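Q: Just structure12.txt, nothing more (compact mmCIF, C-alpha atoms):
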```
# COMPACT_ATOMS: atom_id res chain seq x y z
CA MET A 997 6.40 -23.26 47.85
CA SER A 998 8.69 -25.26 50.07
CA GLN A 999 11.55 -25.01 47.59
CA VAL A 1000 11.33 -21.27 47.56
CA THR A 1001 11.51 -20.88 51.29
CA LYS A 1002 14.50 -23.16 51.52
CA ARG A 1003 17.27 -20.74 50.68
CA GLY A 1004 19.22 -21.73 47.61
CA ALA A 1005 17.32 -24.96 47.14
CA VAL A 1006 16.14 -23.98 43.68
CA GLU A 1007 18.29 -21.93 41.40
CA PRO A 1008 16.09 -19.21 39.91
CA SER A 1009 16.35 -19.29 36.13
CA LEU A 1010 14.56 -17.75 33.19
CA ASN A 1011 12.98 -20.15 30.77
CA ILE A 1012 13.87 -18.43 27.53
CA THR A 1013 12.78 -21.17 25.13
CA PRO A 1014 9.24 -19.81 24.52
CA LEU A 1015 10.69 -16.33 24.32
CA ILE A 1016 13.01 -17.42 21.54
CA ASP A 1017 10.11 -19.17 19.82
CA VAL A 1018 8.08 -16.02 19.84
CA VAL A 1019 10.94 -13.81 18.74
CA PHE A 1020 11.68 -16.05 15.77
CA LEU A 1021 8.03 -16.12 14.87
CA LEU A 1022 7.90 -12.33 14.92
CA ILE A 1023 11.07 -12.04 12.87
CA VAL A 1024 9.65 -14.32 10.20
CA PHE A 1025 6.34 -12.53 10.30
CA PHE A 1026 7.85 -9.08 9.93
CA MET A 1027 10.08 -10.23 7.09
CA LEU A 1028 7.03 -11.52 5.26
CA VAL A 1029 4.91 -8.42 5.67
CA ASN A 1030 7.77 -6.01 5.28
CA ASN A 1031 6.43 -4.70 1.97
CA ILE A 1032 3.23 -3.37 3.41
CA VAL A 1033 4.66 -0.90 5.81
CA THR A 1034 2.00 1.50 6.93
CA ASP A 1035 4.40 4.35 6.21
CA ASP A 1036 3.73 3.86 2.54
CA VAL A 1037 -0.02 4.29 2.75
CA PRO A 1038 -1.25 7.44 4.45
CA LYS A 1039 -4.99 8.06 4.63
CA VAL A 1040 -6.34 9.21 1.29
CA GLN A 1041 -9.95 9.47 0.13
CA LEU A 1042 -9.72 7.51 -3.12
CA PRO A 1043 -12.03 7.82 -6.14
CA GLU A 1044 -15.22 5.82 -6.03
CA LEU A 1045 -16.12 4.28 -9.39
CA ASP A 1046 -19.48 3.70 -11.08
CA ASP A 1047 -18.80 0.19 -12.28
CA PRO A 1048 -15.42 -0.80 -10.89
CA ASN A 1049 -13.18 -2.89 -13.10
CA VAL A 1050 -10.30 -2.80 -10.68
CA TYR A 1051 -8.37 -5.70 -9.27
CA PRO A 1052 -6.22 -5.96 -6.16
CA ALA A 1053 -2.54 -5.30 -6.74
CA GLU A 1054 -0.66 -8.48 -6.05
CA GLY A 1055 2.89 -7.45 -6.77
CA GLU A 1056 5.59 -8.72 -4.48
CA LYS A 1057 7.05 -5.27 -4.03
CA ARG A 1058 5.56 -1.84 -4.36
CA VAL A 1059 6.42 1.80 -4.71
CA ILE A 1060 3.42 3.87 -3.70
CA VAL A 1061 3.13 7.53 -4.63
CA ASN A 1062 0.41 9.30 -2.64
CA ILE A 1063 -1.04 12.73 -3.30
CA ILE A 1064 -2.69 14.12 -0.20
CA ALA A 1065 -5.26 16.87 -0.54
CA ILE A 1066 -5.51 19.90 1.66
CA GLN A 1067 -8.08 18.94 4.25
CA GLU A 1068 -10.36 21.65 5.52
CA HIS A 1069 -11.81 19.35 8.19
CA ASP A 1070 -11.18 16.00 9.79
CA GLY A 1071 -13.35 14.03 7.44
CA GLU A 1072 -13.80 10.31 7.56
CA TYR A 1073 -11.90 8.25 5.05
CA GLY A 1074 -12.96 5.14 3.22
CA PRO A 1075 -15.48 3.93 0.67
CA GLY A 1076 -19.13 4.85 0.94
CA GLN A 1077 -18.61 8.57 1.54
CA ASP A 1078 -20.93 11.14 0.03
CA VAL A 1079 -19.22 11.87 -3.29
CA GLY A 1080 -20.76 15.33 -3.54
CA GLU A 1081 -19.35 16.24 -0.16
CA VAL A 1082 -15.93 14.82 -0.98
CA LEU A 1083 -15.78 16.74 -4.25
CA SER A 1084 -16.87 19.99 -2.67
CA ARG A 1085 -13.57 20.05 -0.81
CA GLU A 1086 -10.78 22.21 -2.10
CA GLY A 1087 -9.03 20.61 -5.05
CA LYS A 1088 -5.52 21.50 -4.02
CA ALA A 1089 -2.87 19.00 -3.09
CA GLU A 1090 -0.74 19.58 -0.01
CA PHE A 1091 1.81 16.76 -0.10
CA ILE A 1092 3.23 14.09 -2.29
CA ASN A 1093 4.06 11.20 0.01
CA VAL A 1094 6.53 8.53 -1.04
CA GLY A 1095 7.95 5.96 1.33
CA GLY A 1096 6.80 7.90 4.38
CA ILE A 1097 8.38 11.16 3.24
CA ASN A 1098 6.20 14.18 2.57
CA PHE A 1099 7.05 16.55 -0.27
CA ARG A 1100 5.12 19.76 0.20
CA ILE A 1101 3.51 21.00 -3.01
CA GLY A 1102 0.84 23.22 -1.51
CA ARG A 1103 -0.01 25.19 1.61
CA ASN A 1104 -3.29 25.43 3.39
CA ASP A 1105 -2.67 28.95 4.66
CA GLY A 1106 -2.77 30.43 1.19
CA LYS A 1107 0.86 31.55 1.21
CA LYS A 1108 2.86 31.05 -1.93
CA LEU A 1109 5.18 28.12 -1.99
CA GLU A 1110 8.78 28.67 -2.89
CA ASN A 1111 11.24 26.22 -4.39
CA LEU A 1112 8.49 24.02 -5.83
CA LYS A 1113 10.85 23.10 -8.63
CA GLU A 1114 13.45 21.74 -6.19
CA THR A 1115 10.75 19.81 -4.35
CA MET A 1116 9.70 18.11 -7.55
CA LEU A 1117 13.32 17.24 -8.32
CA ASP A 1118 13.71 15.80 -4.81
CA PHE A 1119 10.52 13.83 -5.33
CA ARG A 1120 11.79 12.45 -8.61
CA GLU A 1121 15.08 11.50 -7.00
CA LYS A 1122 13.27 9.73 -4.15
CA CYS A 1123 11.07 7.80 -6.61
CA LYS A 1124 14.10 6.74 -8.57
CA GLY A 1125 15.82 5.53 -5.42
CA MET A 1126 12.75 3.63 -4.23
CA ILE A 1127 12.24 1.92 -7.58
CA GLU A 1128 15.89 0.89 -7.73
CA ALA A 1129 15.83 -0.37 -4.14
CA ARG A 1130 12.70 -2.46 -4.65
CA MET A 1131 13.51 -4.09 -7.99
CA ILE A 1132 12.46 -7.75 -7.93
CA ASN A 1133 15.13 -8.58 -10.49
CA ALA A 1134 16.88 -6.71 -13.28
CA GLN A 1135 13.90 -7.05 -15.62
CA THR A 1136 11.04 -6.92 -13.11
CA PRO A 1137 10.31 -3.58 -11.52
CA PRO A 1138 8.09 -3.26 -8.45
CA ASP A 1139 4.42 -2.34 -8.78
CA ILE A 1140 4.31 1.43 -9.04
CA MET A 1141 1.07 2.75 -7.60
CA LEU A 1142 -0.54 6.17 -7.64
CA ARG A 1143 -2.93 6.89 -4.77
CA VAL A 1144 -4.49 10.28 -5.30
CA ASP A 1145 -7.25 11.94 -3.32
CA ALA A 1146 -10.51 11.99 -5.29
CA ALA A 1147 -11.01 15.73 -4.81
CA VAL A 1148 -7.66 16.80 -6.23
CA HIS A 1149 -7.67 18.71 -9.52
CA TYR A 1150 -6.04 17.03 -12.48
CA ALA A 1151 -3.69 20.00 -12.88
CA GLN A 1152 -2.08 18.99 -9.57
CA VAL A 1153 -1.66 15.38 -10.62
CA LEU A 1154 -0.23 15.92 -14.09
CA PRO A 1155 3.23 17.19 -13.00
CA VAL A 1156 3.48 14.32 -10.51
CA MET A 1157 2.71 11.80 -13.23
CA THR A 1158 5.20 13.41 -15.59
CA ASN A 1159 7.95 13.37 -12.97
CA LEU A 1160 7.10 9.81 -12.00
CA GLN A 1161 7.49 8.74 -15.63
CA LEU A 1162 10.85 10.54 -15.77
CA ALA A 1163 11.95 8.81 -12.55
CA MET A 1164 10.93 5.46 -14.04
CA ALA A 1165 12.91 6.19 -17.19
CA GLU A 1166 15.97 7.09 -15.10
CA ALA A 1167 15.66 4.05 -12.85
CA LEU A 1168 14.66 1.42 -15.39
CA GLY A 1169 15.98 2.70 -18.70
CA GLY A 1170 13.74 3.83 -21.52
CA GLU A 1171 12.72 0.46 -22.88
CA LEU A 1172 11.67 -1.12 -19.60
CA ALA A 1173 10.07 2.12 -18.39
CA ALA A 1174 7.89 2.21 -21.51
CA LYS A 1175 6.63 -1.27 -20.72
CA THR A 1176 6.04 -0.58 -17.04
CA PRO A 1177 2.55 0.63 -16.21
CA VAL A 1178 1.47 2.66 -13.23
CA HIS A 1179 -1.40 1.38 -11.12
CA LEU A 1180 -4.09 3.94 -10.33
CA VAL A 1181 -5.66 3.11 -6.99
CA ALA A 1182 -9.41 3.40 -6.43
CA TYR A 1183 -12.02 1.78 -4.22
CA GLN A 1184 -12.99 -1.66 -5.26
CA GLY A 1185 -16.72 -1.46 -4.67
CA ASP A 1186 -18.96 -4.26 -3.48
CA ASP A 1187 -18.23 -6.87 -6.11
CA MET B 450 18.26 -24.91 31.53
CA ALA B 451 16.59 -25.94 34.74
CA ASP B 452 16.24 -29.44 33.36
CA ARG B 453 19.89 -30.16 33.14
CA PRO B 454 21.55 -29.12 36.36
CA ASP B 455 23.87 -32.15 36.04
CA SER B 456 26.42 -29.58 35.08
CA PRO B 457 26.45 -27.21 38.02
CA SER B 458 27.14 -23.61 37.20
CA PRO B 459 30.75 -22.67 37.92
CA ASP B 460 29.94 -19.58 39.94
CA LYS B 461 27.96 -21.54 42.45
CA PRO B 462 29.84 -22.47 45.64
CA GLU B 463 29.68 -26.05 46.88
CA THR B 464 27.42 -25.98 49.91
CA PRO B 465 25.18 -28.54 51.56
CA GLU B 466 22.22 -26.74 49.96
CA THR B 467 23.56 -27.46 46.50
CA ALA B 468 23.89 -31.05 47.43
CA VAL B 469 20.17 -31.10 48.19
CA SER B 470 19.48 -29.42 44.88
CA ASP B 471 21.62 -31.95 43.07
CA GLU B 472 19.77 -34.74 44.73
CA GLN B 473 16.50 -33.36 43.46
CA VAL B 474 17.89 -33.33 39.99
CA VAL B 475 18.80 -36.93 40.04
CA HIS B 476 15.13 -37.71 39.86
CA HIS B 477 14.79 -35.47 36.78
CA VAL B 478 11.74 -33.69 38.08
CA SER B 479 11.52 -29.96 37.62
CA ALA B 480 10.39 -27.80 40.49
CA ARG B 481 7.20 -26.86 38.75
CA LYS B 482 6.23 -30.45 38.02
CA LYS B 483 6.99 -31.40 41.54
CA ARG B 484 4.74 -28.66 42.83
CA LYS B 485 1.93 -29.76 40.61
CA LYS B 486 2.32 -33.36 41.65
CA GLY B 487 2.17 -32.27 45.23
CA VAL B 488 -1.10 -30.46 44.66
CA GLY B 489 -3.15 -32.69 42.46
CA GLY B 490 -0.95 -35.30 40.95
CA GLU B 491 -2.39 -34.32 37.55
CA GLY B 492 -0.45 -34.96 34.37
CA MET B 493 0.63 -32.34 31.83
CA GLN B 494 -1.04 -28.98 31.53
CA LEU B 495 -0.75 -26.52 28.64
CA GLN B 496 0.73 -23.19 29.53
CA MET B 497 -1.66 -20.85 27.71
CA THR B 498 -0.52 -17.48 28.96
CA SER B 499 2.39 -16.90 26.61
CA MET B 500 0.43 -18.18 23.65
CA ILE B 501 -2.40 -15.78 24.41
CA ASP B 502 0.12 -12.97 24.70
CA VAL B 503 1.42 -13.69 21.25
CA VAL B 504 -2.01 -14.14 19.71
CA PHE B 505 -3.14 -10.80 21.06
CA LEU B 506 0.00 -9.16 19.76
CA LEU B 507 -0.58 -10.57 16.28
CA LEU B 508 -4.23 -9.63 16.43
CA ILE B 509 -3.39 -6.02 17.21
CA TYR B 510 -0.77 -5.94 14.48
CA PHE B 511 -3.23 -7.25 11.90
CA VAL B 512 -5.96 -4.88 12.98
CA ILE B 513 -3.59 -1.96 12.54
CA THR B 514 -2.14 -3.00 9.20
CA ALA B 515 -5.31 -4.49 7.70
CA ASN B 516 -6.67 -1.00 7.00
CA PHE B 517 -4.43 -0.98 3.99
CA THR B 518 -5.63 -2.55 0.72
CA ILE B 519 -9.08 -3.23 2.13
CA ASP B 520 -11.44 -2.20 -0.65
CA GLU B 521 -8.56 -0.87 -2.71
CA GLY B 522 -8.02 -1.97 -6.28
CA THR B 523 -5.92 -0.72 -9.14
CA LEU B 524 -6.20 0.18 -12.82
CA VAL B 525 -3.22 -0.19 -15.14
CA ALA B 526 -2.35 3.14 -16.72
CA THR B 527 0.26 4.71 -18.93
CA MET B 528 1.75 7.95 -17.70
CA PRO B 529 2.09 11.02 -19.90
CA GLY B 530 5.45 11.03 -21.60
CA ASN B 531 5.66 7.27 -21.86
CA SER B 532 7.17 6.42 -25.21
CA ALA B 533 4.90 3.35 -25.52
CA GLN B 534 2.15 5.81 -26.30
CA ASP B 535 4.19 7.53 -28.99
CA GLN B 536 2.92 6.83 -32.43
CA THR B 537 4.76 4.37 -34.57
CA GLU B 538 4.78 4.66 -38.34
CA ASP B 539 2.38 1.81 -38.95
CA GLN B 540 -0.24 3.42 -36.75
CA LEU B 541 -1.58 6.07 -39.06
CA ASP B 542 -4.82 6.62 -37.20
CA PRO B 543 -4.63 9.51 -34.78
CA PRO B 544 -5.16 8.50 -31.14
CA THR B 545 -8.66 8.72 -29.76
CA ASN B 546 -8.83 11.70 -27.48
CA ILE B 547 -11.22 11.76 -24.59
CA GLU B 548 -11.51 15.32 -23.41
CA LEU B 549 -12.87 16.09 -19.98
CA THR B 550 -14.10 19.55 -19.17
CA THR B 551 -15.73 21.02 -16.12
CA SER B 552 -18.00 24.00 -15.81
CA GLY B 553 -16.45 25.04 -12.54
CA ASP B 554 -18.73 23.41 -10.01
CA PHE B 555 -17.59 20.38 -8.08
CA VAL B 556 -19.56 17.46 -9.35
CA THR B 557 -20.48 17.83 -13.02
CA TYR B 558 -18.15 17.36 -15.93
CA SER B 559 -18.45 16.67 -19.63
CA ILE B 560 -16.91 13.96 -21.77
CA ILE B 561 -16.08 14.73 -25.38
CA VAL B 562 -14.76 12.02 -27.65
CA ASN B 563 -13.56 13.21 -31.06
CA GLY B 564 -15.92 16.14 -30.84
CA GLN B 565 -18.90 14.07 -29.73
CA ARG B 566 -20.45 14.73 -26.34
CA ILE B 567 -21.09 11.76 -24.03
CA PRO B 568 -23.42 12.16 -21.04
CA ASP B 569 -21.55 10.14 -18.41
CA ALA B 570 -18.93 7.49 -17.73
CA SER B 571 -21.16 4.44 -18.15
CA ALA B 572 -22.41 5.84 -21.46
CA LEU B 573 -18.77 6.27 -22.46
CA ALA B 574 -18.10 2.58 -21.78
CA GLY B 575 -21.02 1.65 -24.06
CA PHE B 576 -19.91 4.14 -26.71
CA MET B 577 -16.34 2.80 -26.80
CA LYS B 578 -17.53 -0.81 -26.84
CA ASN B 579 -19.72 0.04 -29.78
CA ARG B 580 -16.84 1.71 -31.62
CA VAL B 581 -14.71 -1.41 -31.21
CA ALA B 582 -17.59 -3.71 -32.19
CA THR B 583 -18.34 -1.75 -35.36
CA GLY B 584 -14.70 -1.66 -36.38
CA GLN B 585 -14.26 2.09 -36.02
CA MET B 586 -11.29 1.40 -33.79
CA LYS B 587 -9.28 -1.52 -32.48
CA ALA B 588 -9.05 -2.51 -28.83
CA ASP B 589 -5.31 -1.84 -28.78
CA ASP B 590 -5.51 1.59 -30.42
CA ILE B 591 -4.08 4.44 -28.42
CA VAL B 592 -6.64 6.20 -26.28
CA GLN B 593 -5.60 9.36 -24.50
CA ILE B 594 -7.51 11.00 -21.72
CA LYS B 595 -7.11 14.74 -21.76
CA PRO B 596 -8.69 16.39 -18.75
CA GLN B 597 -8.86 20.10 -18.11
CA GLY B 598 -6.88 21.24 -15.12
CA GLN B 599 -9.93 21.77 -12.93
CA VAL B 600 -11.38 18.30 -13.43
CA ARG B 601 -11.36 16.26 -10.22
CA TRP B 602 -9.28 13.10 -10.00
CA GLN B 603 -12.48 11.21 -9.12
CA HIS B 604 -13.85 11.90 -12.63
CA VAL B 605 -10.56 11.19 -14.36
CA VAL B 606 -10.29 7.75 -12.80
CA ASN B 607 -13.98 7.09 -13.42
CA VAL B 608 -13.52 7.78 -17.14
CA PHE B 609 -10.38 5.65 -17.13
CA ASN B 610 -12.36 2.85 -15.54
CA ALA B 611 -15.03 3.19 -18.23
CA CYS B 612 -12.34 2.69 -20.90
CA VAL B 613 -11.11 -0.40 -19.11
CA SER B 614 -14.70 -1.66 -18.96
CA ALA B 615 -14.85 -1.29 -22.74
CA LYS B 616 -11.83 -3.66 -22.93
CA LEU B 617 -9.52 -1.01 -24.34
CA GLU B 618 -5.90 -2.02 -23.82
CA ASN B 619 -3.85 1.08 -24.44
CA VAL B 620 -5.32 3.84 -22.32
CA GLY B 621 -3.13 6.65 -21.11
CA PHE B 622 -2.98 10.33 -20.34
CA ALA B 623 -2.24 12.99 -22.91
CA PRO B 624 1.03 14.79 -22.19
```
Can you present the structure in this file as structure tokens?

A:
Amino acid sequence: MSQVTKRGAVEPSLNITPLIDVVFLLIVFFMLVNNIVTDDVPKVQLPELDDPNVYPAEGEKRVIVNIIAIQEHDGEYGPGQDVGEVLSREGKAEFINVGGINFRIGRNDGKKLENLKETMLDFREKCKGMIEARMINAQTPPDIMLRVDAAVHYAQVLPVMTNLQLAMAEALGGELAAKTPVHLVAYQGDD
Amino acid sequence: MADRPDSPSPDKPETPETAVSDEQVVHHVSARKKRKKGVGGEGMQLQMTSMIDVVFLLLIYFVITANFTIDEGTLVATMPGNSAQDQTEDQLDPPTNIELTTSGDFVTYSIIVNGQRIPDASALAGFMKNRVATGQMKADDIVQIKPQGQVRWQHVVNVFNACVSAKLENVGFAP
């Protein structure tokens, strides 16, 4: 303490070396995990399978298309839910979510939705942009994943799938798009 | 920075106090070390605080982001309208259609393969395996799932999964 009381004896200075260490560490860390931004994965109650034959997606880069159901209540999400209860929910979709952007395709107040056609075109355009931006190289597209709420009716999913395929064809060209699969996301189960 | 005051900062005026400070520096002992020596004379000590800060930060980050992909797996599918599922001339067999219908309630649904009714998804896996084993179809034949509009996505993916269980390689959705 003696140095402090003696005025001017010790020049106060910030030791920024550990700060720089930490900042660099964080920069590296964020660069590495950049692909799994939480924006891309909103909460969705995924299908639960009888005998799951799924595998974890290990692609370097991803484009994730989410279809979010109209929720009548604040239900819990995650595996192990009562399937009967989940499926008794309304089968309508409210949003398509790509890259953190919501495209409204349904309303929970029962009103009719206008300009649905434009929304789908916007969605297709967004998908195309995302696929192009996340190409690994000219011949390797990112993993394209479809996360759909288990309760949603197939009729709501079909136009999304069709537009996604069109977006892939526009972004990748017909030949590569035909070879590129889409990954359907479901819960993995215990094994 | 504090360890090399041999080069005094330019904005600092030359005063007797600086001279004292310079003298301290000649011994190359930082203020903190000196203080410690004065107290206990102990050697080096690890400064844990900043490390703990960082570890907590990383811990929180991982807890927040780890929710993703936990328990999530994927199935490889072909979208409707994909030309890979278009028939080529050497494939004369029509694609196997798996129709899914629902009677309107939430949970039950029916599976119909080429006109034949299958009780549930696990039975479908056995049925398809059997068809491949007996040579009625090949594993890379086109299989198209054709659900009614009201069928829940849960059932669609479950049937898809059953096809994958049966080692079918070309499963897609009917346009």

Q: Take CA of Ala1173 (chain A) and CA of Met528 (chain B) and report the distance between them in Å, one decimal.

A: 10.2 Å

Q: When you draw a straight line from CA of Gly598 (chain B) to CA of Lys1122 (chain A), how long is it in Å?

A: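 One can read the CA of Gly598 (chain B) to CA of Lys1122 (chain A) distance as 25.7 Å.
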
Q: Enumerate, as a list in words, the protein, DNA and RNA residues whose atoms approach (1.6, -18.1, 24.0) to within 12 Å, taking into account all atoms listed in the file and the coordinate frame of the file.

A: Thr1013, Pro1014, Leu1015, Ile1016, Asp1017, Val1018, Val1019 and Leu1021 of chain A; Leu495, Gln496, Met497, Thr498, Ser499, Met500, Ile501, Asp502, Val503, Val504, Phe505, Leu506 and Leu507 of chain B

Q: Please list, as a list of chain:residue names, the residues that have an atom at most 8 Å away from (-3.1, 9.7, -27.2) in the coordinates of this file, counting all atoms listed in the file.

A: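 Nearby residues: B:Gln534, B:Asp535, B:Pro543, B:Pro544, B:Thr545, B:Asn546, B:Ile591, B:Val592, B:Gln593, B:Ile594, B:Val620, B:Gly621, B:Phe622, B:Ala623.
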
Q: Generate the output file for the selected residues, C-alpha atoms, as a compact mmCIF listing (two decimals), in the coordinates of the input.

A:
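Result file follows (again-v6.txt):
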```
# COMPACT_ATOMS: atom_id res chain seq x y z
CA GLN B 534 2.15 5.81 -26.30
CA ASP B 535 4.19 7.53 -28.99
CA PRO B 543 -4.63 9.51 -34.78
CA PRO B 544 -5.16 8.50 -31.14
CA THR B 545 -8.66 8.72 -29.76
CA ASN B 546 -8.83 11.70 -27.48
CA ILE B 591 -4.08 4.44 -28.42
CA VAL B 592 -6.64 6.20 -26.28
CA GLN B 593 -5.60 9.36 -24.50
CA ILE B 594 -7.51 11.00 -21.72
CA VAL B 620 -5.32 3.84 -22.32
CA GLY B 621 -3.13 6.65 -21.11
CA PHE B 622 -2.98 10.33 -20.34
CA ALA B 623 -2.24 12.99 -22.91
```

Q: Any idea which chain A residues end up within 6 Å of chain B if we count all atoms listed in the file, as a list of chain:residue names please?

A: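 The complete set of qualifying residues is A:Ala1005, A:Pro1043, A:Leu1045, A:Val1050, A:Tyr1051, A:Pro1052, A:Leu1083, A:Ser1084, A:Ala1146, A:Ala1147, A:Val1148, A:His1149, A:Tyr1150, A:Ala1151, A:Met1157, A:Thr1158, A:Ala1174, A:Pro1177, A:Val1178, A:His1179, A:Leu1180, A:Val1181, A:Ala1182, A:Tyr1183, A:Gln1184.
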
Q: What does the distance between CA of Leu1042 (chain A) and CA of Asp1145 (chain A) come to in Å, to one decimal place?

A: 5.1 Å

Q: With all atoms listed in the file as the basis for distance, which of A:Met1131, A:Leu1162, A:Val1153, A:Ile1012 is at the shortest distance from Ala1089 (chain A)?

A: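 Once distances to Ala1089 (chain A) are computed over all atoms listed in the file, the minimum belongs to A:Val1153.
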
Q: So that I can see what lies close to Pro1137 (chain A), please list as a PyMOL selection string the residues with an atom at most 9 Å from it, counting all atoms listed in the file and leaving out residues fewer than 6 positions away in the same chain.

A: chain A and resi 1057-1058+1127-1128+1130-1131+1168+1172-1173+1176
